[in-house]
$ cat start_34.tsv   # TSV, C-alpha atoms
chain	number	residue	atom	x	y	z
A	1	ASP	CA	33.28	-49.10	-52.54
A	2	ALA	CA	34.91	-49.65	-49.18
A	3	LYS	CA	32.56	-50.05	-46.26
A	4	THR	CA	32.59	-47.47	-43.45
A	5	THR	CA	31.78	-47.84	-39.75
A	6	GLN	CA	30.57	-44.96	-37.59
A	7	PRO	CA	29.20	-44.78	-34.05
A	8	PRO	CA	25.39	-44.45	-34.13
A	9	SER	CA	25.30	-41.38	-31.90
A	10	MET	CA	27.44	-38.80	-30.12
A	11	ASP	CA	26.86	-35.79	-27.92
A	12	CYS	CA	28.77	-32.54	-27.78
A	13	ALA	CA	28.47	-29.38	-25.72
A	14	GLU	CA	27.80	-26.16	-27.58
A	15	GLY	CA	31.02	-24.26	-28.26
A	16	ARG	CA	33.20	-27.30	-27.88
A	17	ALA	CA	34.86	-29.25	-30.67
A	18	ALA	CA	32.95	-32.21	-32.06
A	19	ASN	CA	35.14	-35.08	-33.24
A	20	LEU	CA	33.31	-37.64	-35.34
A	21	PRO	CA	35.23	-40.85	-36.12
A	22	CYS	CA	34.91	-43.10	-39.15
A	23	ASN	CA	36.55	-46.42	-39.81
A	24	HIS	CA	37.24	-47.41	-43.42
A	25	SER	CA	39.82	-50.14	-43.04
A	26	THR	CA	39.22	-51.62	-46.51
A	27	ILE	CA	39.71	-48.35	-48.37
A	28	SER	CA	41.67	-48.66	-51.58
A	29	GLY	CA	44.35	-46.31	-52.82
A	30	ASN	CA	42.18	-44.36	-55.23
A	31	GLU	CA	39.19	-43.85	-52.94
A	32	TYR	CA	38.40	-40.49	-51.41
A	33	VAL	CA	36.80	-40.02	-48.02
A	34	TYR	CA	33.71	-37.79	-48.12
A	35	TRP	CA	31.62	-36.37	-45.32
A	36	TYR	CA	28.03	-35.24	-45.64
A	37	ARG	CA	25.50	-34.17	-43.07
A	38	GLN	CA	21.72	-34.32	-42.99
A	39	ILE	CA	19.65	-32.01	-40.87
A	40	HIS	CA	16.31	-33.50	-39.97
A	41	SER	CA	13.99	-34.05	-42.95
A	42	GLN	CA	16.28	-32.29	-45.42
A	43	GLY	CA	18.58	-33.57	-48.15
A	44	PRO	CA	22.18	-34.30	-47.15
A	45	GLN	CA	24.76	-31.59	-47.67
A	46	TYR	CA	28.39	-32.06	-48.63
A	47	ILE	CA	30.91	-30.98	-45.99
A	48	ILE	CA	34.43	-31.96	-46.98
A	49	HIS	CA	36.50	-34.62	-48.70
A	50	GLY	CA	40.08	-35.86	-48.68
A	51	LEU	CA	42.40	-38.46	-50.14
A	52	LYS	CA	45.35	-38.70	-47.76
A	53	ASN	CA	46.20	-35.23	-46.55
A	54	ASN	CA	44.34	-33.41	-43.83
A	55	GLU	CA	41.86	-30.91	-45.17
A	56	THR	CA	40.13	-27.83	-43.78
A	57	ASN	CA	37.40	-25.61	-45.10
A	58	GLU	CA	34.99	-23.10	-43.62
A	59	MET	CA	32.78	-25.83	-42.23
A	60	ALA	CA	35.13	-28.43	-40.80
A	61	SER	CA	38.47	-30.18	-40.73
A	62	LEU	CA	39.17	-33.71	-41.90
A	63	ILE	CA	41.98	-35.72	-40.36
A	64	ILE	CA	42.93	-38.93	-42.18
A	65	THR	CA	45.31	-41.37	-40.53
A	66	GLU	CA	48.55	-42.17	-42.30
A	67	ASP	CA	47.40	-45.68	-43.19
A	68	ARG	CA	44.08	-44.18	-44.40
A	69	LYS	CA	42.07	-46.76	-42.48
A	70	SER	CA	40.23	-44.19	-40.42
A	71	SER	CA	39.39	-40.52	-40.36
A	72	THR	CA	37.93	-37.90	-38.04
A	73	LEU	CA	35.67	-35.02	-38.93
A	74	ILE	CA	36.19	-32.07	-36.62
A	75	LEU	CA	33.67	-29.28	-36.09
A	76	PRO	CA	35.84	-26.84	-34.14
A	77	HIS	CA	33.12	-24.90	-32.32
A	78	ALA	CA	29.88	-26.84	-32.47
A	79	THR	CA	26.61	-24.92	-32.43
A	80	LEU	CA	23.05	-26.11	-31.93
A	81	ARG	CA	22.58	-25.89	-35.70
A	82	ASP	CA	25.23	-28.58	-36.15
A	83	THR	CA	22.85	-31.16	-34.69
A	84	ALA	CA	22.46	-33.56	-37.60
A	85	VAL	CA	23.30	-37.01	-38.93
A	86	TYR	CA	26.84	-37.12	-40.31
A	87	TYR	CA	27.73	-39.61	-43.01
A	88	CYS	CA	31.20	-40.79	-43.89
A	89	ILE	CA	31.52	-42.49	-47.28
A	90	VAL	CA	34.33	-43.54	-49.57
A	91	ASN	CA	34.27	-43.46	-53.33
A	92	SER	CA	36.82	-43.44	-56.08
A	93	GLY	CA	34.83	-41.15	-58.38
A	94	GLY	CA	35.67	-41.28	-62.04
A	95	SER	CA	33.73	-44.12	-63.67
A	96	ASN	CA	32.64	-45.51	-60.28
A	97	TYR	CA	29.28	-43.82	-60.04
A	98	LYS	CA	27.66	-45.97	-57.39
A	99	LEU	CA	27.35	-43.92	-54.21
A	100	THR	CA	26.30	-45.72	-51.05
A	101	PHE	CA	25.63	-44.27	-47.61
A	102	GLY	CA	25.46	-46.05	-44.28
A	103	LYS	CA	23.47	-45.04	-41.21
A	104	GLY	CA	25.83	-42.28	-40.14
A	105	THR	CA	26.31	-40.72	-36.70
A	106	LEU	CA	23.62	-38.64	-35.06
A	107	LEU	CA	25.45	-35.72	-33.45
A	108	THR	CA	23.46	-33.90	-30.81
A	109	VAL	CA	24.87	-30.56	-29.71
A	110	ASN	CA	23.61	-29.66	-26.26
A	111	PRO	CA	23.31	-26.12	-24.84
B	1	ASP	CA	19.83	-20.78	-59.54
B	2	GLY	CA	21.30	-24.19	-60.27
B	3	GLY	CA	20.04	-27.05	-58.23
B	4	ILE	CA	18.06	-30.20	-57.95
B	5	THR	CA	14.30	-30.12	-57.48
B	6	GLN	CA	12.03	-32.83	-56.17
B	7	SER	CA	8.29	-32.58	-56.32
B	8	PRO	CA	5.99	-32.80	-54.59
B	9	LYS	CA	7.28	-32.41	-51.04
B	10	TYR	CA	4.46	-34.54	-49.63
B	11	LEU	CA	2.54	-37.22	-51.49
B	12	PHE	CA	-0.32	-39.43	-50.41
B	13	ARG	CA	-1.51	-42.49	-52.29
B	14	LYS	CA	-3.83	-45.38	-51.73
B	15	GLU	CA	-2.38	-48.84	-51.43
B	16	GLY	CA	-2.15	-50.64	-54.77
B	17	GLN	CA	-1.60	-47.51	-56.84
B	18	ASN	CA	1.58	-46.72	-58.70
B	19	VAL	CA	3.04	-43.30	-58.00
B	20	THR	CA	5.79	-41.34	-59.76
B	21	LEU	CA	8.18	-39.01	-57.96
B	22	SER	CA	9.79	-36.23	-59.93
B	23	CYS	CA	13.47	-35.24	-59.87
B	24	GLU	CA	14.89	-32.49	-62.08
B	25	GLN	CA	18.37	-30.97	-62.09
B	26	ASN	CA	19.81	-28.04	-64.02
B	27	LEU	CA	23.40	-28.63	-62.97
B	28	ASN	CA	24.27	-30.49	-66.19
B	29	HIS	CA	25.30	-33.50	-64.10
B	30	ASP	CA	25.74	-36.88	-65.72
B	31	ALA	CA	24.86	-39.09	-62.75
B	32	MET	CA	21.58	-39.16	-60.85
B	33	TYR	CA	20.48	-41.21	-57.88
B	34	TRP	CA	17.43	-42.24	-55.89
B	35	TYR	CA	17.60	-43.11	-52.21
B	36	ARG	CA	15.05	-44.24	-49.70
B	37	GLN	CA	15.19	-43.27	-46.02
B	38	ASP	CA	13.11	-44.78	-43.24
B	39	PRO	CA	12.82	-43.28	-39.74
B	40	GLY	CA	16.11	-43.53	-37.88
B	41	GLN	CA	17.79	-45.18	-40.82
B	42	GLY	CA	20.44	-44.11	-43.26
B	43	LEU	CA	20.11	-43.70	-46.99
B	44	ARG	CA	19.58	-46.81	-49.07
B	45	LEU	CA	20.31	-46.70	-52.79
B	46	ILE	CA	17.39	-47.64	-55.04
B	47	TYR	CA	18.61	-46.86	-58.56
B	48	TYR	CA	21.28	-44.77	-60.17
B	49	SER	CA	22.00	-43.58	-63.67
B	50	GLN	CA	25.36	-42.66	-65.12
B	51	ILE	CA	24.12	-41.38	-68.46
B	52	VAL	CA	20.96	-40.84	-70.47
B	53	ASN	CA	19.10	-44.04	-71.37
B	54	ASP	CA	21.12	-46.09	-68.91
B	55	PHE	CA	20.55	-46.95	-65.26
B	56	GLN	CA	21.56	-49.57	-62.71
B	57	LYS	CA	19.85	-51.18	-59.76
B	58	GLY	CA	21.01	-50.15	-56.35
B	59	ASP	CA	20.66	-52.16	-53.17
B	60	ILE	CA	16.85	-52.10	-52.86
B	61	ALA	CA	15.46	-51.83	-56.42
B	62	GLU	CA	12.60	-54.32	-56.04
B	63	GLY	CA	9.23	-52.66	-56.44
B	64	TYR	CA	10.66	-49.54	-58.09
B	65	SER	CA	11.29	-48.46	-61.66
B	66	VAL	CA	13.07	-45.50	-63.23
B	67	SER	CA	13.73	-43.90	-66.60
B	68	ARG	CA	16.40	-41.53	-67.87
B	69	GLU	CA	15.19	-40.12	-71.15
B	70	LYS	CA	16.67	-36.69	-70.55
B	71	LYS	CA	19.88	-35.70	-68.80
B	72	GLU	CA	18.07	-33.37	-66.43
B	73	SER	CA	15.30	-35.73	-65.37
B	74	PHE	CA	15.24	-39.01	-63.44
B	75	PRO	CA	11.69	-39.92	-62.31
B	76	LEU	CA	11.10	-42.77	-59.88
B	77	THR	CA	7.95	-44.88	-59.98
B	78	VAL	CA	6.95	-46.68	-56.82
B	79	THR	CA	4.90	-49.62	-58.00
B	80	SER	CA	2.24	-51.61	-56.21
B	81	ALA	CA	4.80	-54.39	-55.90
B	82	GLN	CA	6.73	-52.39	-53.31
B	83	LYS	CA	5.67	-53.90	-49.98
B	84	ASN	CA	6.42	-50.92	-47.74
B	85	PRO	CA	6.40	-47.79	-49.90
B	86	THR	CA	5.85	-45.25	-47.14
B	87	ALA	CA	9.20	-43.50	-46.74
B	88	PHE	CA	11.24	-40.36	-47.39
B	89	TYR	CA	12.71	-40.39	-50.91
B	90	LEU	CA	15.79	-38.41	-51.86
B	91	CYS	CA	17.17	-37.67	-55.31
B	92	ALA	CA	20.76	-36.64	-55.95
B	93	SER	CA	22.99	-35.74	-58.85
B	94	ARG	CA	26.71	-35.68	-59.37
B	95	ASP	CA	29.06	-34.66	-62.15
B	96	ARG	CA	31.62	-37.04	-63.57
B	97	GLY	CA	35.21	-36.71	-62.48
B	98	ARG	CA	37.71	-37.94	-59.96
B	99	PHE	CA	36.27	-35.94	-57.14
B	100	THR	CA	32.77	-34.64	-57.35
B	101	GLU	CA	30.30	-33.94	-54.58
B	102	ALA	CA	26.71	-35.07	-54.75
B	103	PHE	CA	23.91	-32.54	-54.60
B	104	PHE	CA	20.63	-33.59	-53.04
B	105	GLY	CA	17.08	-32.45	-53.45
B	106	GLN	CA	14.90	-31.68	-50.45
B	107	GLY	CA	13.09	-34.99	-50.65
B	108	THR	CA	9.56	-36.28	-51.13
B	109	ARG	CA	7.73	-37.83	-48.22
B	110	LEU	CA	5.45	-40.54	-49.56
B	111	THR	CA	2.64	-41.91	-47.44
B	112	VAL	CA	0.63	-44.87	-48.69
B	113	VAL	CA	-2.62	-45.56	-46.88

$ encode --input "start_34.tsv" --output "C-alpha coordinates"
Amino acid sequence: DAKTTQPPSMDCAEGRAANLPCNHSTISGNEYVYWYRQIHSQGPQYIIHGLKNNETNEMASLIITEDRKSSTLILPHATLRDTAVYYCIVNSGGSNYKLTFGKGTLLTVNP
Amino acid sequence: DGGITQSPKYLFRKEGQNVTLSCEQNLNHDAMYWYRQDPGQGLRLIYYSQIVNDFQKGDIAEGYSVSREKKESFPLTVTSAQKNPTAFYLCASRDRGRFTEAFFGQGTRLTVV
(Lines of atoms letter the chains of each structure in order from A and count residues from 1; the text may use other names and numbers.)
(Lines give C-alpha, C1' and ligand atoms only; values in the text may rest on other atoms or scores of the structure.)
Protein backbone atom coordinates (compact mmCIF):
# COMPACT_ATOMS: atom_id res chain seq x y z
CA ASP A 1 0.00 0.00 0.00
CA ALA A 2 1.07 3.55 -0.65
CA LYS A 3 2.36 5.46 2.34
CA THR A 4 0.46 8.53 3.57
CA THR A 5 1.72 11.65 5.35
CA GLN A 6 -0.47 13.78 7.61
CA PRO A 7 0.27 16.67 9.96
CA PRO A 8 0.36 15.44 13.57
CA SER A 9 -2.12 18.01 14.83
CA MET A 10 -4.48 20.80 13.79
CA ASP A 11 -6.85 23.18 15.50
CA CYS A 12 -10.19 24.48 14.30
CA ALA A 13 -12.78 26.85 15.73
CA GLU A 14 -16.22 25.45 16.38
CA GLY A 15 -18.57 26.16 13.48
CA ARG A 16 -15.78 26.70 11.01
CA ALA A 17 -14.69 24.29 8.30
CA ALA A 18 -11.90 21.88 9.19
CA ASN A 19 -9.62 20.98 6.28
CA LEU A 20 -7.39 18.00 6.95
CA PRO A 21 -4.66 17.34 4.36
CA CYS A 22 -3.11 14.03 3.39
CA ASN A 23 -0.20 13.36 1.08
CA HIS A 24 -0.11 10.04 -0.79
CA SER A 25 2.34 10.76 -3.58
CA THR A 26 3.08 7.08 -4.27
CA ILE A 27 -0.55 6.06 -4.71
CA SER A 28 -1.16 3.64 -7.54
CA GLY A 29 -4.01 3.74 -10.01
CA ASN A 30 -6.18 1.14 -8.33
CA GLU A 31 -5.84 2.41 -4.77
CA TYR A 32 -8.68 4.16 -3.00
CA VAL A 33 -8.22 6.89 -0.42
CA TYR A 34 -10.06 6.19 2.84
CA TRP A 35 -10.59 8.38 5.86
CA TYR A 36 -11.36 7.13 9.35
CA ARG A 37 -11.55 8.90 12.66
CA GLN A 38 -10.98 7.75 16.22
CA ILE A 39 -12.52 9.46 19.18
CA HIS A 40 -10.51 8.98 22.33
CA SER A 41 -10.36 5.37 23.55
CA GLN A 42 -12.86 4.10 20.99
CA GLY A 43 -12.47 2.07 17.81
CA PRO A 44 -11.95 4.02 14.58
CA GLN A 45 -14.97 4.82 12.47
CA TYR A 46 -15.13 5.00 8.69
CA ILE A 47 -15.89 8.46 7.28
CA ILE A 48 -15.55 8.48 3.51
CA HIS A 49 -13.57 7.09 0.60
CA GLY A 50 -12.77 8.04 -2.98
CA LEU A 51 -10.82 6.97 -6.04
CA LYS A 52 -10.40 10.08 -8.17
CA ASN A 53 -13.60 12.08 -8.01
CA ASN A 54 -14.57 14.33 -5.16
CA GLU A 55 -17.01 12.72 -2.78
CA THR A 56 -19.50 13.99 -0.22
CA ASN A 57 -21.63 12.28 2.36
CA GLU A 58 -23.48 13.32 5.49
CA MET A 59 -20.28 13.44 7.50
CA ALA A 60 -17.71 15.07 5.25
CA SER A 61 -16.37 15.90 1.82
CA LEU A 62 -13.28 14.44 0.21
CA ILE A 63 -11.31 16.42 -2.34
CA ILE A 64 -8.70 14.47 -4.31
CA THR A 65 -6.24 16.35 -6.50
CA GLU A 66 -6.22 15.60 -10.20
CA ASP A 67 -2.87 13.80 -9.98
CA ARG A 68 -4.22 11.87 -6.94
CA LYS A 69 -1.07 12.58 -4.95
CA SER A 70 -2.92 14.35 -2.18
CA SER A 71 -6.36 14.77 -0.73
CA THR A 72 -8.24 16.91 1.77
CA LEU A 73 -10.97 15.86 4.14
CA ILE A 74 -13.40 18.68 4.83
CA LEU A 75 -15.70 18.85 7.84
CA PRO A 76 -17.88 21.78 6.79
CA HIS A 77 -19.07 22.95 10.22
CA ALA A 78 -16.86 21.44 12.88
CA THR A 79 -18.35 20.76 16.31
CA LEU A 80 -16.68 19.89 19.60
CA ARG A 81 -17.67 16.26 18.98
CA ASP A 82 -15.45 16.23 15.89
CA THR A 83 -12.36 16.39 18.11
CA ALA A 84 -10.62 13.14 17.22
CA VAL A 85 -7.66 11.58 15.44
CA TYR A 86 -8.24 11.40 11.69
CA TYR A 87 -6.52 8.73 9.64
CA CYS A 88 -5.95 8.82 5.90
CA ILE A 89 -5.08 5.47 4.34
CA VAL A 90 -4.87 4.05 0.85
CA ASN A 91 -5.76 0.54 -0.17
CA SER A 92 -6.66 -1.20 -3.37
CA GLY A 93 -9.15 -3.58 -1.77
CA GLY A 94 -9.91 -6.76 -3.64
CA SER A 95 -7.29 -9.38 -2.78
CA ASN A 96 -5.09 -6.81 -1.01
CA TYR A 97 -6.30 -7.37 2.51
CA LYS A 98 -3.46 -5.78 4.43
CA LEU A 99 -4.73 -2.56 6.00
CA THR A 100 -2.18 -0.26 7.59
CA PHE A 101 -2.76 2.98 9.47
CA GLY A 102 -0.30 5.73 10.29
CA LYS A 103 -0.38 8.12 13.23
CA GLY A 104 -3.09 10.35 11.79
CA THR A 105 -3.92 13.97 12.61
CA LEU A 106 -5.27 15.00 15.98
CA LEU A 107 -7.96 17.58 15.23
CA THR A 108 -8.93 19.73 18.18
CA VAL A 109 -12.09 21.78 17.76
CA ASN A 110 -12.07 24.75 20.10
CA PRO A 111 -15.17 26.58 21.41
CA ASP B 1 -27.48 -5.96 15.54
CA GLY B 2 -24.50 -6.75 13.36
CA GLY B 3 -21.14 -5.75 14.64
CA ILE B 4 -17.80 -6.66 16.04
CA THR B 5 -17.36 -7.40 19.72
CA GLN B 6 -14.20 -7.37 21.78
CA SER B 7 -14.05 -8.65 25.29
CA PRO B 8 -13.20 -7.82 27.93
CA LYS B 9 -12.95 -4.03 27.80
CA TYR B 10 -10.27 -3.98 30.50
CA LEU B 11 -7.85 -6.79 31.30
CA PHE B 12 -5.16 -7.07 33.92
CA ARG B 13 -2.47 -9.73 33.97
CA LYS B 14 0.71 -10.44 35.81
CA GLU B 15 3.97 -10.29 33.93
CA GLY B 16 4.97 -13.64 32.44
CA GLN B 17 1.42 -14.86 31.87
CA ASN B 18 -0.10 -15.44 28.46
CA VAL B 19 -3.43 -13.74 27.88
CA THR B 20 -6.02 -14.17 25.13
CA LEU B 21 -8.15 -11.33 23.81
CA SER B 22 -11.46 -12.17 22.20
CA CYS B 23 -12.82 -10.77 18.93
CA GLU B 24 -16.12 -11.91 17.43
CA GLN B 25 -17.98 -10.55 14.41
CA ASN B 26 -21.41 -11.38 13.01
CA LEU B 27 -21.01 -9.36 9.82
CA ASN B 28 -20.00 -12.41 7.76
CA HIS B 29 -16.74 -10.65 6.87
CA ASP B 30 -13.86 -12.60 5.40
CA ALA B 31 -10.99 -10.49 6.71
CA MET B 32 -10.14 -9.77 10.33
CA TYR B 33 -7.38 -7.71 11.87
CA TRP B 34 -5.61 -7.00 15.14
CA TYR B 35 -3.99 -3.67 15.90
CA ARG B 36 -2.06 -2.33 18.83
CA GLN B 37 -2.22 1.30 19.93
CA ASP B 38 0.09 2.97 22.44
CA PRO B 39 -0.58 6.40 23.98
CA GLY B 40 -0.31 9.15 21.38
CA GLN B 41 0.47 6.65 18.66
CA GLY B 42 -1.39 5.41 15.64
CA LEU B 43 -2.56 1.89 14.95
CA ARG B 44 0.07 -0.74 14.30
CA LEU B 45 -0.93 -3.96 12.56
CA ILE B 46 -0.18 -7.15 14.49
CA TYR B 47 -1.84 -9.91 12.46
CA TYR B 48 -4.52 -10.20 9.83
CA SER B 49 -6.51 -13.03 8.35
CA GLN B 50 -8.09 -13.15 4.92
CA ILE B 51 -9.92 -16.44 5.35
CA VAL B 52 -10.53 -19.22 7.83
CA ASN B 53 -7.41 -21.21 8.77
CA ASP B 54 -5.11 -18.62 7.22
CA PHE B 55 -3.42 -15.55 8.67
CA GLN B 56 -0.44 -13.30 8.01
CA LYS B 57 1.95 -11.37 10.19
CA GLY B 58 1.56 -7.65 10.27
CA ASP B 59 4.24 -5.14 11.17
CA ILE B 60 4.67 -6.06 14.85
CA ALA B 61 3.80 -9.77 15.18
CA GLU B 62 6.62 -10.76 17.54
CA GLY B 63 5.29 -11.92 20.89
CA TYR B 64 1.75 -12.47 19.61
CA SER B 65 -0.14 -15.41 18.17
CA VAL B 66 -3.55 -15.80 16.55
CA SER B 67 -5.90 -18.45 15.23
CA ARG B 68 -8.77 -18.37 12.76
CA GLU B 69 -10.72 -21.58 13.19
CA LYS B 70 -14.08 -19.96 12.57
CA LYS B 71 -15.03 -17.14 10.22
CA GLU B 72 -16.57 -15.10 13.02
CA SER B 73 -13.74 -15.41 15.53
CA PHE B 74 -10.13 -14.19 15.57
CA PRO B 75 -8.61 -14.42 19.08
CA LEU B 76 -5.25 -12.83 19.85
CA THR B 77 -2.87 -14.30 22.41
CA VAL B 78 -0.34 -11.98 23.96
CA THR B 79 2.49 -14.23 25.04
CA SER B 80 5.11 -13.75 27.72
CA ALA B 81 7.59 -13.12 24.92
CA GLN B 82 5.99 -9.75 24.20
CA LYS B 83 8.30 -7.25 25.90
CA ASN B 84 5.81 -4.41 26.36
CA PRO B 85 2.31 -5.89 26.30
CA THR B 86 0.51 -3.05 28.06
CA ALA B 87 -1.48 -1.31 25.32
CA PHE B 88 -4.90 -0.74 23.76
CA TYR B 89 -5.79 -3.54 21.35
CA LEU B 90 -8.27 -3.11 18.52
CA CYS B 91 -9.88 -5.76 16.35
CA ALA B 92 -11.42 -5.03 12.96
CA SER B 93 -13.17 -6.88 10.17
CA ARG B 94 -13.77 -6.16 6.54
CA ASP B 95 -15.62 -7.83 3.69
CA ARG B 96 -13.91 -8.74 0.46
CA GLY B 97 -14.39 -6.53 -2.55
CA ARG B 98 -12.93 -3.59 -4.38
CA PHE B 99 -14.10 -1.08 -1.86
CA THR B 100 -15.01 -2.17 1.60
CA GLU B 101 -14.81 -0.26 4.84
CA ALA B 102 -13.35 -1.75 7.97
CA PHE B 103 -15.46 -2.07 11.10
CA PHE B 104 -13.74 -1.84 14.45
CA GLY B 105 -14.54 -3.15 17.87
CA GLN B 106 -14.38 -0.93 20.93
CA GLY B 107 -11.02 -2.26 22.00
CA THR B 108 -9.48 -4.05 24.96
CA ARG B 109 -7.13 -2.19 27.26
CA LEU B 110 -4.55 -4.63 28.55
CA THR B 111 -2.44 -3.79 31.57
CA VAL B 112 0.38 -6.10 32.58
CA VAL B 113 1.81 -5.57 36.05

$ residues_around --input "start_34.tsv" --residues "B:Phe74" --least-positions-apart "4" --cutoff "7 Å" --atoms "all atoms listed in the file" --output "count of residues only"
6

$ atom_distance --input "start_34.tsv" --atom1 "atom CA of A:Ile89" --atom2 "atom CA of B:Glu69"
29.0 Å

$ closest_residue --input "start_34.tsv" --among "B:Cys91, B:Val112, B:Leu43, B:Ala102" --to "B:Ser73" --atoms "all atoms listed in the file"
B:Cys91

$ closest_residue --input "start_34.tsv" --among "A:Gln42, A:Thr83, A:Asn96, A:Ser71" --to "chain B" --atoms "all atoms listed in the file"
A:Gln42

$ closest_residue --input "start_34.tsv" --among "A:Ile27, A:Leu99, A:Val90, A:Ala84" --to "A:Asp67" --atoms "all atoms listed in the file"
A:Ile27

$ atom_distance --input "start_34.tsv" --atom1 "atom CA of B:Glu101" --atom2 "atom CA of B:Tyr10"
26.3 Å

$ closest_residue --input "start_34.tsv" --among "B:Ile4, B:Lys71, B:Lys83, B:Thr20" --to "chain A" --atoms "all atoms listed in the file"
B:Ile4

$ interface_residues --input "start_34.tsv" --of "chain A" --to "chain B" --cutoff "9 Å" --atoms "all atoms listed in the file" --output "mmCIF file with C-alpha atoms, keeping the file's coordinate frame"
data_model
loop_
_atom_site.group_PDB
_atom_site.id
_atom_site.type_symbol
_atom_site.label_atom_id
_atom_site.label_comp_id
_atom_site.auth_asym_id
_atom_site.auth_seq_id
_atom_site.Cartn_x
_atom_site.Cartn_y
_atom_site.Cartn_z
ATOM 1 C CA TYR A 32 38.400 -40.490 -51.410
ATOM 2 C CA TYR A 34 33.710 -37.790 -48.120
ATOM 3 C CA SER A 41 13.990 -34.050 -42.950
ATOM 4 C CA GLN A 42 16.280 -32.290 -45.420
ATOM 5 C CA GLY A 43 18.580 -33.570 -48.150
ATOM 6 C CA PRO A 44 22.180 -34.300 -47.150
ATOM 7 C CA GLN A 45 24.760 -31.590 -47.670
ATOM 8 C CA TYR A 46 28.390 -32.060 -48.630
ATOM 9 C CA ILE A 48 34.430 -31.960 -46.980
ATOM 10 C CA HIS A 49 36.500 -34.620 -48.700
ATOM 11 C CA VAL A 85 23.300 -37.010 -38.930
ATOM 12 C CA TYR A 87 27.730 -39.610 -43.010
ATOM 13 C CA ASN A 91 34.270 -43.460 -53.330
ATOM 14 C CA SER A 92 36.820 -43.440 -56.080
ATOM 15 C CA GLY A 93 34.830 -41.150 -58.380
ATOM 16 C CA GLY A 94 35.670 -41.280 -62.040
ATOM 17 C CA SER A 95 33.730 -44.120 -63.670
ATOM 18 C CA TYR A 97 29.280 -43.820 -60.040
ATOM 19 C CA LYS A 98 27.660 -45.970 -57.390
ATOM 20 C CA LEU A 99 27.350 -43.920 -54.210
ATOM 21 C CA THR A 100 26.300 -45.720 -51.050
ATOM 22 C CA PHE A 101 25.630 -44.270 -47.610
ATOM 23 C CA GLY A 102 25.460 -46.050 -44.280
ATOM 24 C CA LYS A 103 23.470 -45.040 -41.210
ATOM 25 C CA GLY A 104 25.830 -42.280 -40.140
#

$ atom_distance --input "start_34.tsv" --atom1 "atom CA of B:Leu11" --atom2 "atom CA of B:Thr111"
6.2 Å

$ closest_residue --input "start_34.tsv" --among "B:Ser22, B:Asn28, B:Gln6, B:Gln17" --to "B:Ala81" --atoms "all atoms listed in the file"
B:Gln17

$ closest_residue --input "start_34.tsv" --among "B:Ile51, B:Leu27, B:Ala61, B:Val113" --to "B:Thr77" --atoms "all atoms listed in the file"
B:Ala61

$ axis_aligned_box --input "start_34.tsv" --around "stretch 45-55 of chain A" --padding-each-side "3 Å" --output "lines of an AutoDock Vina configuration file"
center_x = 35.5
center_y = -34.8
center_z = -47.0
size_x = 27.4
size_y = 13.8
size_z = 12.3
